[in-house]
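Novice: Data file query.csv (CSV, C-alpha atoms) is appended below.
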chain,number,residue,atom,x,y,z
N,79,LEU,CA,0.0,0.0,0.0
N,80,VAL,CA,2.8,2.4,0.8
N,81,THR,CA,4.6,1.7,-2.4
N,82,LYS,CA,1.4,2.0,-4.5
N,83,ALA,CA,0.6,5.3,-2.8
N,84,ILE,CA,4.1,6.7,-3.6
N,85,LYS,CA,3.8,5.4,-7.2
N,86,ASP,CA,0.4,7.0,-7.7
N,87,GLU,CA,1.3,10.3,-6.1
N,88,PHE,CA,4.3,10.9,-8.3
N,89,ASN,CA,2.9,9.0,-11.3
N,90,LEU,CA,6.1,6.9,-11.6
N,91,ASP,CA,6.7,4.8,-14.7
N,92,ILE,CA,7.0,1.2,-13.7
N,93,SER,CA,6.7,-0.4,-17.1
N,94,ASN,CA,10.5,-1.4,-17.1
N,95,GLN,CA,11.6,-3.6,-14.2
N,96,TYR,CA,15.1,-3.6,-12.8
N,97,LEU,CA,16.1,-6.8,-10.9
N,98,ASP,CA,18.8,-7.5,-8.5
N,99,GLY,CA,19.6,-10.0,-5.8
N,100,THR,CA,21.9,-10.2,-2.8
N,101,LYS,CA,22.8,-12.7,-0.1
N,102,ILE,CA,22.2,-11.5,3.5
N,103,GLU,CA,23.7,-13.5,6.4
N,104,ALA,CA,21.1,-15.1,8.6
N,105,ASN,CA,20.9,-14.9,12.3
N,106,ALA,CA,22.3,-18.4,12.7
N,107,ASN,CA,25.4,-20.2,14.0
N,108,LYS,CA,27.8,-20.5,11.0
N,109,TYR,CA,29.4,-23.7,12.3
N,110,LYS,CA,26.2,-25.7,13.0
N,111,PHE,CA,25.5,-26.7,9.4
N,112,VAL,CA,23.7,-29.8,8.1
N,113,TRP,CA,24.1,-31.1,4.5
N,114,LYS,CA,21.5,-33.0,2.6
N,115,PRO,CA,22.5,-36.7,3.0
N,116,THR,CA,21.6,-37.8,-0.5
N,117,SER,CA,24.7,-40.0,-1.2
N,118,TYR,CA,24.7,-41.3,2.4
N,119,HIS,CA,21.0,-42.2,2.1
N,120,LYS,CA,21.8,-44.3,-1.1
N,121,LYS,CA,24.7,-46.1,0.6
N,122,LEU,CA,22.5,-46.9,3.6
N,123,ASP,CA,19.7,-48.2,1.3
N,124,THR,CA,22.2,-50.5,-0.3
N,125,LYS,CA,23.3,-51.8,3.1
N,126,ILE,CA,19.7,-52.4,4.2
N,127,LYS,CA,18.9,-54.3,1.0
N,128,ASP,CA,22.1,-56.4,1.2
N,129,LEU,CA,21.2,-57.4,4.8
N,130,LEU,CA,17.6,-58.3,3.9
N,131,ILE,CA,18.8,-60.4,0.9
N,132,GLU,CA,21.5,-62.1,3.1
N,133,PHE,CA,18.9,-63.3,5.6
N,134,ASN,CA,16.2,-64.1,3.1
N,135,ILE,CA,13.8,-61.4,4.4
N,136,SER,CA,11.3,-60.4,1.7
N,137,PHE,CA,10.8,-56.8,0.7
N,138,THR,CA,9.4,-54.8,-2.2
N,139,GLN,CA,12.1,-53.8,-4.7
N,140,LYS,CA,12.1,-50.0,-5.3
N,141,ASP,CA,14.5,-47.1,-5.6
N,142,LEU,CA,14.7,-46.3,-1.8
N,143,ILE,CA,13.2,-48.1,1.1
N,144,LYS,CA,11.2,-45.8,3.3
N,145,SER,CA,11.5,-45.8,7.1
N,146,TYR,CA,7.8,-46.9,7.7
N,147,GLU,CA,8.5,-49.9,5.3
N,148,LEU,CA,11.6,-50.9,7.2
N,149,ASN,CA,9.7,-50.6,10.4
N,150,GLU,CA,7.0,-53.0,9.1
N,151,ILE,CA,9.7,-55.4,8.0
N,152,LEU,CA,11.4,-55.2,11.4
N,153,ASN,CA,8.1,-55.8,13.3
N,154,LYS,CA,7.3,-58.8,11.1
N,155,TYR,CA,10.8,-60.2,11.6
N,156,VAL,CA,10.4,-59.9,15.4
N,157,ILE,CA,7.0,-61.8,15.3
N,158,ASP,CA,8.2,-64.5,12.9
N,159,ASN,CA,11.3,-65.3,14.9
N,160,VAL,CA,9.8,-64.8,18.4
N,161,ILE,CA,12.4,-62.3,19.5
N,162,ASP,CA,12.1,-60.7,22.9
N,163,VAL,CA,13.4,-57.3,22.2
N,164,CYS,CA,13.7,-56.3,25.9
N,165,SER,CA,15.9,-59.3,26.7
N,166,ILE,CA,18.5,-58.6,24.0
N,167,PRO,CA,21.8,-58.0,25.9
N,168,SER,CA,23.8,-54.8,25.2
N,169,GLY,CA,27.5,-53.9,25.7
N,170,LYS,CA,30.8,-55.6,24.8
N,171,GLY,CA,31.4,-59.3,25.3
N,172,LYS,CA,27.7,-60.3,25.1
N,173,ARG,CA,26.8,-63.3,22.9
N,174,LEU,CA,23.9,-62.7,20.6
N,175,THR,CA,21.9,-65.1,18.4
N,176,LYS,CA,21.8,-64.8,14.7
N,177,GLU,CA,18.3,-63.4,14.9
N,178,GLN,CA,19.2,-60.9,17.6
N,179,LYS,CA,22.1,-59.6,15.6
N,180,THR,CA,20.0,-59.2,12.5
N,181,TYR,CA,17.4,-57.3,14.6
N,182,LYS,CA,20.0,-55.1,16.1
N,183,PHE,CA,21.5,-54.2,12.7
N,184,LEU,CA,18.0,-53.4,11.2
N,185,TYR,CA,17.1,-51.3,14.2
N,186,GLU,CA,20.3,-49.2,13.9
N,187,TYR,CA,19.6,-48.8,10.2
N,188,LEU,CA,16.1,-47.7,10.9
N,189,ILE,CA,17.2,-45.0,13.4
N,190,LYS,CA,19.8,-43.7,10.8
N,191,LEU,CA,17.2,-43.8,8.0
N,192,LEU,CA,14.8,-41.7,10.1
N,193,GLU,CA,17.5,-39.2,10.7
N,194,TYR,CA,18.3,-39.0,6.9
N,195,GLU,CA,14.6,-38.6,6.0
N,196,GLU,CA,14.1,-35.8,8.5
N,197,LYS,CA,17.1,-33.9,7.1
N,198,GLU,CA,15.9,-34.4,3.5
N,199,ARG,CA,12.4,-33.2,4.6
N,200,ILE,CA,13.9,-30.0,6.1
N,201,CYS,CA,16.1,-29.3,3.0
N,202,GLY,CA,13.2,-30.0,0.5
N,203,GLU,CA,13.8,-30.6,-3.2
N,204,ASN,CA,15.7,-27.4,-4.0
N,205,ARG,CA,18.1,-27.0,-1.1
N,206,ASN,CA,21.2,-29.0,-0.1
N,207,SER,CA,21.9,-27.6,3.4
N,208,TYR,CA,20.5,-25.8,6.4
N,209,SER,CA,21.6,-24.4,9.8
N,210,LYS,CA,20.6,-26.1,13.0
N,211,THR,CA,19.8,-22.8,14.6
N,212,ASP,CA,17.7,-21.6,11.7
N,213,VAL,CA,16.5,-24.5,9.6
N,214,ASP,CA,15.1,-22.1,6.9
N,215,ALA,CA,18.5,-20.6,6.3
N,216,THR,CA,20.7,-22.1,3.5
N,217,PHE,CA,24.4,-22.1,3.4
N,218,MET,CA,25.5,-19.9,0.6
N,219,ARG,CA,28.8,-18.8,-0.9
N,220,MET,CA,29.1,-15.1,0.1
N,221,LYS,CA,31.2,-12.6,-1.9
N,222,THR,CA,34.9,-12.3,-1.4
N,223,ASP,CA,36.2,-9.9,1.3
N,224,TYR,CA,39.1,-7.5,0.9
N,225,MET,CA,41.6,-10.3,1.4
N,226,GLY,CA,40.1,-12.3,-1.5
N,227,ASN,CA,38.6,-14.9,0.8
N,228,THR,CA,35.1,-16.5,0.3
N,229,ALA,CA,32.9,-17.5,3.2
N,230,LEU,CA,30.2,-20.2,3.3
N,231,LEU,CA,27.6,-18.8,5.7
N,232,PRO,CA,23.9,-19.4,6.5
N,233,ALA,CA,22.0,-16.8,4.5
N,234,TYR,CA,18.9,-15.8,2.6
N,235,ASN,CA,18.7,-14.7,-1.0
N,236,TRP,CA,17.0,-11.3,-1.2
N,237,GLN,CA,15.5,-10.3,-4.5
N,238,LEU,CA,14.1,-6.9,-5.3
N,239,VAL,CA,12.4,-5.3,-8.3
N,240,SER,CA,12.7,-1.5,-8.6
N,241,ALA,CA,11.4,1.2,-11.0
N,242,GLY,CA,10.9,4.9,-10.7
N,243,GLU,CA,13.6,5.2,-8.0
N,244,ILE,CA,11.5,3.1,-5.5
N,245,ILE,CA,11.5,-0.6,-4.7
N,246,LEU,CA,8.2,-2.1,-6.0
N,247,TYR,CA,8.5,-5.4,-4.1
N,248,GLY,CA,10.9,-8.0,-2.8
N,249,LEU,CA,11.2,-11.7,-2.3
N,250,THR,CA,13.0,-13.7,0.3
N,251,SER,CA,14.3,-17.0,-1.2
N,252,GLN,CA,16.2,-20.0,0.2
N,253,LEU,CA,17.7,-20.7,-3.2
N,254,THR,CA,21.2,-19.7,-4.1
N,255,ALA,CA,20.7,-19.1,-7.8
N,256,ASP,CA,19.1,-15.8,-9.0
N,257,ASN,CA,17.6,-17.4,-12.1
N,258,LYS,CA,15.4,-19.7,-10.1
N,259,CYS,CA,13.9,-16.6,-8.4
N,260,PHE,CA,12.9,-14.8,-11.6
N,261,ILE,CA,9.6,-16.6,-12.3
N,262,PRO,CA,8.3,-16.2,-8.7
N,263,LEU,CA,9.3,-12.5,-8.9
N,264,MET,CA,7.3,-12.0,-12.1
N,265,GLU,CA,4.3,-13.9,-10.8
N,266,LYS,CA,4.3,-11.8,-7.6
N,267,TYR,CA,4.5,-8.6,-9.7
N,268,LYS,CA,1.4,-9.7,-11.7
N,269,GLU,CA,-0.4,-10.6,-8.5
N,270,ILE,CA,0.2,-7.0,-7.1
N,271,TYR,CA,-0.1,-4.9,-10.3
N,272,GLY,CA,-2.3,-7.0,-12.5
N,273,LYS,CA,0.1,-7.6,-15.4
N,274,TYR,CA,3.6,-8.5,-16.3
N,275,PRO,CA,6.2,-5.7,-16.9
N,276,ASP,CA,7.0,-4.6,-20.5
N,277,LYS,CA,10.8,-5.2,-20.0
N,278,ALA,CA,12.9,-7.0,-17.4
N,279,VAL,CA,16.4,-5.8,-16.9
N,280,GLY,CA,18.9,-8.0,-15.0
N,281,ASP,CA,22.4,-9.2,-14.8
N,282,ALA,CA,23.8,-12.5,-16.0
N,283,GLY,CA,22.5,-14.3,-12.9
N,284,TYR,CA,19.0,-14.3,-14.4
N,285,GLY,CA,19.9,-15.3,-18.0
N,286,ASN,CA,19.0,-19.0,-18.7
N,287,LEU,CA,16.7,-20.9,-20.9
N,288,GLU,CA,13.8,-21.1,-18.4
N,289,THR,CA,13.9,-17.4,-17.8
N,290,TYR,CA,14.0,-16.5,-21.5
N,291,THR,CA,11.2,-18.9,-22.3
N,292,PHE,CA,9.0,-17.4,-19.6
N,293,CYS,CA,9.6,-13.9,-21.0
N,294,GLU,CA,8.8,-15.2,-24.5
N,295,ASN,CA,5.5,-16.7,-23.4
N,296,ASN,CA,4.4,-13.6,-21.5
N,297,ASN,CA,5.6,-10.9,-23.9
N,298,ILE,CA,8.3,-9.5,-21.5
N,299,GLY,CA,11.3,-7.8,-23.1
N,300,LYS,CA,14.5,-9.8,-22.6
N,301,TYR,CA,17.2,-7.6,-21.2
N,302,MET,CA,19.0,-10.1,-19.0
N,303,LYS,CA,22.6,-10.9,-19.8
N,304,PHE,CA,23.8,-14.5,-19.9
N,305,SER,CA,27.0,-16.0,-18.5
N,306,MET,CA,29.1,-15.6,-21.7
N,307,TRP,CA,27.6,-12.2,-22.7
N,308,GLU,CA,30.8,-10.2,-21.9
N,309,LYS,CA,33.0,-12.6,-24.0
N,310,GLU,CA,30.4,-12.8,-26.8
N,311,THR,CA,30.2,-9.1,-27.2
N,312,HIS,CA,33.7,-7.8,-26.3
N,313,ASP,CA,36.0,-10.6,-27.4
N,314,LYS,CA,36.1,-10.6,-31.2
N,315,LYS,CA,38.5,-13.5,-31.4
N,316,PHE,CA,36.2,-15.7,-29.2
N,317,HIS,CA,33.1,-14.6,-31.0
N,318,GLU,CA,34.5,-15.4,-34.5
N,319,ASN,CA,36.3,-18.6,-33.5
N,320,LYS,CA,35.5,-21.0,-36.3
N,321,PHE,CA,35.9,-24.1,-34.1
N,322,ARG,CA,33.0,-23.1,-31.8
N,323,SER,CA,30.0,-25.3,-32.6
N,324,ILE,CA,27.8,-22.2,-32.7
N,325,ASN,CA,29.8,-21.0,-35.8
N,326,PHE,CA,29.6,-24.3,-37.7
N,327,GLN,CA,27.8,-24.1,-41.0
N,328,ILE,CA,24.6,-26.1,-41.4
N,329,ASP,CA,23.9,-28.1,-44.5
N,330,GLU,CA,20.5,-28.6,-46.2
N,331,GLU,CA,19.7,-31.7,-44.0
N,332,GLY,CA,20.4,-29.8,-40.8
N,333,HIS,CA,23.9,-31.4,-40.1
N,334,PRO,CA,26.6,-29.1,-38.6
N,335,ILE,CA,29.7,-29.0,-40.7
N,336,CYS,CA,33.1,-28.5,-39.1
N,337,PRO,CA,36.0,-26.4,-40.6
N,338,ASN,CA,37.4,-29.6,-42.1
N,339,ASN,CA,34.1,-30.2,-43.9
N,340,LYS,CA,33.2,-33.2,-41.8
N,341,LYS,CA,29.5,-33.8,-41.0
N,342,PHE,CA,28.2,-34.1,-37.5
N,343,TYR,CA,25.3,-36.6,-37.1
N,344,LEU,CA,22.6,-36.5,-34.4
N,345,ILE,CA,23.2,-39.3,-31.8
N,346,SER,CA,20.7,-38.3,-29.0
N,347,GLU,CA,18.4,-35.6,-27.7
N,348,PRO,CA,18.9,-35.6,-23.9
N,349,ILE,CA,16.7,-33.5,-21.6
N,350,ILE,CA,18.4,-30.3,-20.3
N,351,PRO,CA,19.3,-30.8,-16.6
N,352,GLY,CA,17.2,-28.8,-14.2
N,353,ASN,CA,14.6,-27.8,-16.9
N,354,LYS,CA,11.0,-28.0,-15.7
N,355,ASP,CA,9.5,-28.2,-19.2
N,356,ASN,CA,11.7,-31.3,-20.1
N,357,ARG,CA,13.2,-29.4,-23.0
N,358,THR,CA,15.8,-31.2,-24.9
N,359,GLU,CA,19.1,-30.3,-26.7
N,360,GLU,CA,20.6,-32.0,-29.7
N,361,LYS,CA,23.8,-34.0,-29.3
N,362,TYR,CA,25.9,-34.5,-32.5
N,363,GLN,CA,29.1,-36.5,-33.1
N,364,CYS,CA,31.6,-36.0,-35.9
N,365,GLU,CA,31.7,-38.7,-38.6
N,366,ASP,CA,35.5,-39.0,-38.4
N,367,CYS,CA,38.1,-36.9,-36.6
N,368,SER,CA,41.0,-39.3,-37.3
N,369,ASN,CA,43.9,-37.8,-39.3
N,370,CYS,CA,42.3,-34.4,-39.1
N,371,PRO,CA,45.0,-31.6,-39.5
N,372,LEU,CA,42.9,-29.2,-37.4
N,373,LYS,CA,42.2,-31.6,-34.5
N,374,GLU,CA,44.6,-29.9,-32.1
N,375,LEU,CA,42.8,-26.6,-32.6
N,376,CYS,CA,39.4,-28.1,-32.6
N,377,HIS,CA,39.3,-30.4,-29.5
N,378,GLN,CA,41.5,-32.5,-27.2
N,379,SER,CA,39.4,-35.7,-27.1
N,380,LYS,CA,40.9,-39.0,-28.4
N,381,ASN,CA,37.5,-39.9,-29.9
N,382,ASN,CA,35.4,-38.1,-32.5
N,383,ARG,CA,34.2,-34.7,-31.3
N,384,ILE,CA,30.7,-34.4,-29.7
N,385,ILE,CA,28.9,-31.1,-29.6
N,386,LYS,CA,25.6,-30.0,-28.0
N,387,VAL,CA,23.3,-27.7,-29.8
N,388,ASN,CA,20.4,-25.8,-28.3
N,389,ARG,CA,18.9,-23.8,-31.1
N,390,THR,CA,16.2,-22.2,-28.9
N,391,LEU,CA,18.8,-20.9,-26.4
N,392,THR,CA,21.1,-19.7,-29.3
N,393,LYS,CA,18.1,-17.7,-30.7
N,394,TYR,CA,17.4,-16.2,-27.3
N,395,HIS,CA,21.1,-15.2,-26.9
N,396,SER,CA,21.1,-13.5,-30.2
N,397,GLU,CA,18.0,-11.6,-29.3
N,398,VAL,CA,19.4,-10.5,-26.0
N,399,ILE,CA,22.6,-9.3,-27.6
N,400,ASP,CA,20.7,-7.2,-30.0
N,401,ASN,CA,18.4,-5.8,-27.2
N,402,LEU,CA,21.3,-4.9,-24.9
N,403,ALA,CA,23.4,-3.4,-27.7
N,404,SER,CA,20.6,-1.1,-28.9
N,405,GLU,CA,20.4,2.5,-27.7
N,406,GLU,CA,17.4,1.7,-25.4
N,407,GLY,CA,19.3,-1.4,-24.0
N,408,ILE,CA,22.4,0.7,-23.1
N,409,LYS,CA,20.1,3.2,-21.4
N,410,LEU,CA,18.3,0.5,-19.4
N,411,ARG,CA,21.6,-1.0,-18.3
N,412,CYS,CA,22.9,2.3,-17.1
N,413,THR,CA,19.6,2.9,-15.2
N,414,ARG,CA,19.7,-0.5,-13.6
N,415,SER,CA,23.2,0.2,-12.1
N,416,TYR,CA,21.8,2.9,-9.8
N,417,MET,CA,18.1,1.7,-9.6
N,418,ALA,CA,18.5,-1.9,-8.5
N,419,GLU,CA,22.1,-2.3,-7.5
N,420,GLY,CA,22.0,1.2,-5.9
N,421,ALA,CA,19.1,0.2,-3.7
N,422,PHE,CA,21.0,-2.7,-2.2
N,423,GLY,CA,24.0,-0.4,-1.9
N,424,VAL,CA,22.0,2.1,0.2
N,425,ILE,CA,20.6,-0.7,2.4
N,426,LYS,CA,23.9,-2.5,3.0
N,427,GLN,CA,26.4,0.4,3.0
N,428,ASP,CA,24.5,3.5,4.0
N,429,TYR,CA,22.1,1.8,6.4
N,430,ASN,CA,24.9,-0.6,7.5
N,431,TYR,CA,22.5,-3.5,7.3
N,432,ARG,CA,24.7,-6.6,6.8
N,433,ARG,CA,23.0,-9.3,9.0
N,434,ILE,CA,19.4,-10.4,9.6
N,435,THR,CA,18.1,-10.0,13.1
N,436,ARG,CA,15.1,-12.4,12.9
N,437,VAL,CA,14.9,-16.2,12.6
N,438,SER,CA,12.8,-18.3,10.2
N,439,LEU,CA,11.7,-17.6,6.6
N,440,LYS,CA,8.4,-15.9,7.6
N,441,LYS,CA,10.0,-13.4,10.0
N,442,VAL,CA,12.9,-12.7,7.7
N,443,ASN,CA,10.5,-11.9,4.9
N,444,LEU,CA,8.7,-9.5,7.2
N,445,GLU,CA,12.0,-7.9,8.1
N,446,PHE,CA,12.7,-7.4,4.4
N,447,TYR,CA,9.4,-5.8,3.8
N,448,LEU,CA,10.0,-3.4,6.7
N,449,ILE,CA,13.3,-2.4,5.1
N,450,ILE,CA,11.7,-1.8,1.7
N,451,ILE,CA,9.0,0.4,3.3
N,452,GLY,CA,11.7,2.4,5.1
N,453,PHE,CA,13.7,2.8,1.9
N,454,ASN,CA,10.6,3.9,0.0
N,455,LEU,CA,9.6,6.4,2.7
N,456,ALA,CA,13.1,7.9,2.6
N,457,LYS,CA,12.8,8.1,-1.2
N,458,TYR,CA,9.3,9.7,-0.9
N,459,HIS,CA,10.7,12.6,1.2
N,460,ASN,CA,13.6,12.9,-1.3
N,461,LEU,CA,11.1,13.2,-4.2
N,462,LYS,CA,9.0,15.7,-2.3
N,463,TYR,CA,12.0,17.8,-1.6
N,464,ARG,CA,13.0,17.8,-5.2
N,465,GLU,CA,9.4,18.7,-6.2
N,466,ASN,CA,9.4,21.6,-3.8
N,467,ILE,CA,12.7,22.9,-5.2
N,468,GLU,CA,11.3,22.7,-8.8
N,469,VAL,CA,8.2,24.7,-7.7
N,470,CYS,CA,10.3,27.4,-6.1
Can you dump the structure from the file as structure tokens?
Specialist:
Amino acid sequence: LVTKAIKDEFNLDISNQYLDGTKIEANANKYKFVWKPTSYHKKLDTKIKDLLIEFNISFTQKDLIKSYELNEILNKYVIDNVIDVCSIPSGKGKRLTKEQKTYKFLYEYLIKLLEYEEKERICGENRNSYSKTDVDATFMRMKTDYMGNTALLPAYNWQLVSAGEIILYGLTSQLTADNKCFIPLMEKYKEIYGKYPDKAVGDAGYGNLETYTFCENNNIGKYMKFSMWEKETHDKKFHENKFRSINFQIDEEGHPICPNNKKFYLISEPIIPGNKDNRTEEKYQCEDCSNCPLKELCHQSKNNRIIKVNRTLTKYHSEVIDNLASEEGIKLRCTRSYMAEGAFGVIKQDYNYRRITRVSLKKVNLEFYLIIIGFNLAKYHNLKYRENIEVC
């Protein structure tokens, strides 16, 4: 409401959105970290299945045995073998029967399995770590300090969208990558303002296939750089390198042709990792790289060269380069440097806000909104002051 009131009073143009993200250290102990036990869980599952097979205990074959299934197997084993659980001796030097040993192993595995499942539940699908003192905080790689050191600290990823010198809205994320926050940001913008923005301007952290596809489907101007944008636009030697697969000629049948006039044939179309739409890319292999005079310049593999081609992403990259190189694109990039990055600069440097004071995602999100309101109120008085000077 505060932001909308300021926007309406000064009739600010918010058609172009400027995005930025930063990682803020959480109010959590930086040494009490927990990592998602994915690999350990798989090893434990193998041990459990091997033990069940060794002692001819029937179980349903599947990817991973759940704790409740192992508990049912354990209870059935106790009943079938008439094991008195309370009378099983403990400690060193105690003699156990074969059935008692099996029960003890399965029970220990069950306890460990419950522990792993609980950690995976807290992490969820998209996280790999959390802090014991704030389970909603994720361990993230913070920026280097003045000595060139990096720190892995419990933190939250704060995303903001600004326009017209004010912050329109923000988002607190547990994810480390900015590109995974883009779609939630745009959806939240539409929920508040009733439509998607005309243009979205961001750094290379937002530029990936999923982001560009979302912009394409919702008529949002693509002004987000991608990871190789700097090299692609400023390094002429790299851009014109004839051995890059993107620069290969394509024959009438759609086969890439290398500088030595060898054809590349399609061998598979794997799904792009991490893509929600199950989009695929094309994988080609050269017909023959043996005795090629250009092999040392082309690739270092002993086998025939394999290239991956994503025509959709290549098309988006070309469009983004044209957009950012245009007169409007240059203006938008310059505006973003003080609009979005400048907002975080004021919050972290001028306000000296470097660490969150609250714990848990809900409260941290509330804290972020309070900071945004404070920033916008300060900007409101600044705009009022400038308006009064112009009147005088």
Novice: Calculate how many Å separate atom CA of N:Arg357 from atom CA of N:Gln327, rounding to one decimal.
Specialist: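 Taking atom CA of N:Arg357 as the start and atom CA of N:Gln327 as the end point, the length is 23.8 Å.
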Novice: Using all atoms listed in the file, find the one residue out of N:Arg436, N:Lys179, N:Lys409, N:Lys120 that sits nearest to N:Leu142.
Specialist: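 Answer, going by the shortest atom-to-atom distance: N:Lys120.
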Novice: Tell me which protein, DNA and RNA residues are within 12 Å of stretch 189-200 of chain N, counting all atoms listed in the file, leaving out same-chain ones fewer than 4 positions away, and put them as a PyMOL selection string.
Specialist: chain N and resi 111-126+142-149+152+182-185+204-210+212-216+252
Novice: Would you list the residues near (19.4, -9.8, -28.9), meaning any protein, DNA or RNA residue with an atom at most 12 Å from that point in file coordinates, counting only C-alpha atoms, as a list in words?
Specialist: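 Nearby residues: Tyr290, Gly299, Lys300, Tyr301, Met302, Lys303, Phe304, Trp307, Glu310, Thr311, Leu391, Thr392, Lys393, Tyr394, His395, Ser396, Glu397, Val398, Ile399, Asp400, Asn401, Leu402, Ala403, Ser404 and Gly407 of chain N.
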Novice: Take the selection from the previous step and output its residues with C-alpha atoms, as a compact mmCIF listing (two decimals), in the coordinates of the input.
Specialist:
# COMPACT_ATOMS: atom_id res chain seq x y z
CA TYR N 290 14.00 -16.50 -21.50
CA GLY N 299 11.30 -7.80 -23.10
CA LYS N 300 14.50 -9.80 -22.60
CA TYR N 301 17.20 -7.60 -21.20
CA MET N 302 19.00 -10.10 -19.00
CA LYS N 303 22.60 -10.90 -19.80
CA PHE N 304 23.80 -14.50 -19.90
CA TRP N 307 27.60 -12.20 -22.70
CA GLU N 310 30.40 -12.80 -26.80
CA THR N 311 30.20 -9.10 -27.20
CA LEU N 391 18.80 -20.90 -26.40
CA THR N 392 21.10 -19.70 -29.30
CA LYS N 393 18.10 -17.70 -30.70
CA TYR N 394 17.40 -16.20 -27.30
CA HIS N 395 21.10 -15.20 -26.90
CA SER N 396 21.10 -13.50 -30.20
CA GLU N 397 18.00 -11.60 -29.30
CA VAL N 398 19.40 -10.50 -26.00
CA ILE N 399 22.60 -9.30 -27.60
CA ASP N 400 20.70 -7.20 -30.00
CA ASN N 401 18.40 -5.80 -27.20
CA LEU N 402 21.30 -4.90 -24.90
CA ALA N 403 23.40 -3.40 -27.70
CA SER N 404 20.60 -1.10 -28.90
CA GLY N 407 19.30 -1.40 -24.00
Novice: Kindly give the distance, in Å, that separates atom CA of N:Gly280 and atom CA of N:Leu253, rounded to a single decimal.
Specialist: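 Going from atom CA of N:Gly280 over to atom CA of N:Leu253 covers 17.4 Å.
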Novice: Which residues come within 12 Å of N:Val442, counting all atoms listed in the file, excluding same-chain residues fewer than 3 positions away, as a PyMOL selection string?
Specialist: chain N and resi 102-105+212+214-215+233-236+248-252+433-439+445-449
Novice: Measure the distance from atom CA of N:Gly452 to atom CA of N:Gln95 in Å and round it to one decimal.
Specialist: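 Interatomic distance, atom CA of N:Gly452 to atom CA of N:Gln95: 20.2 Å.
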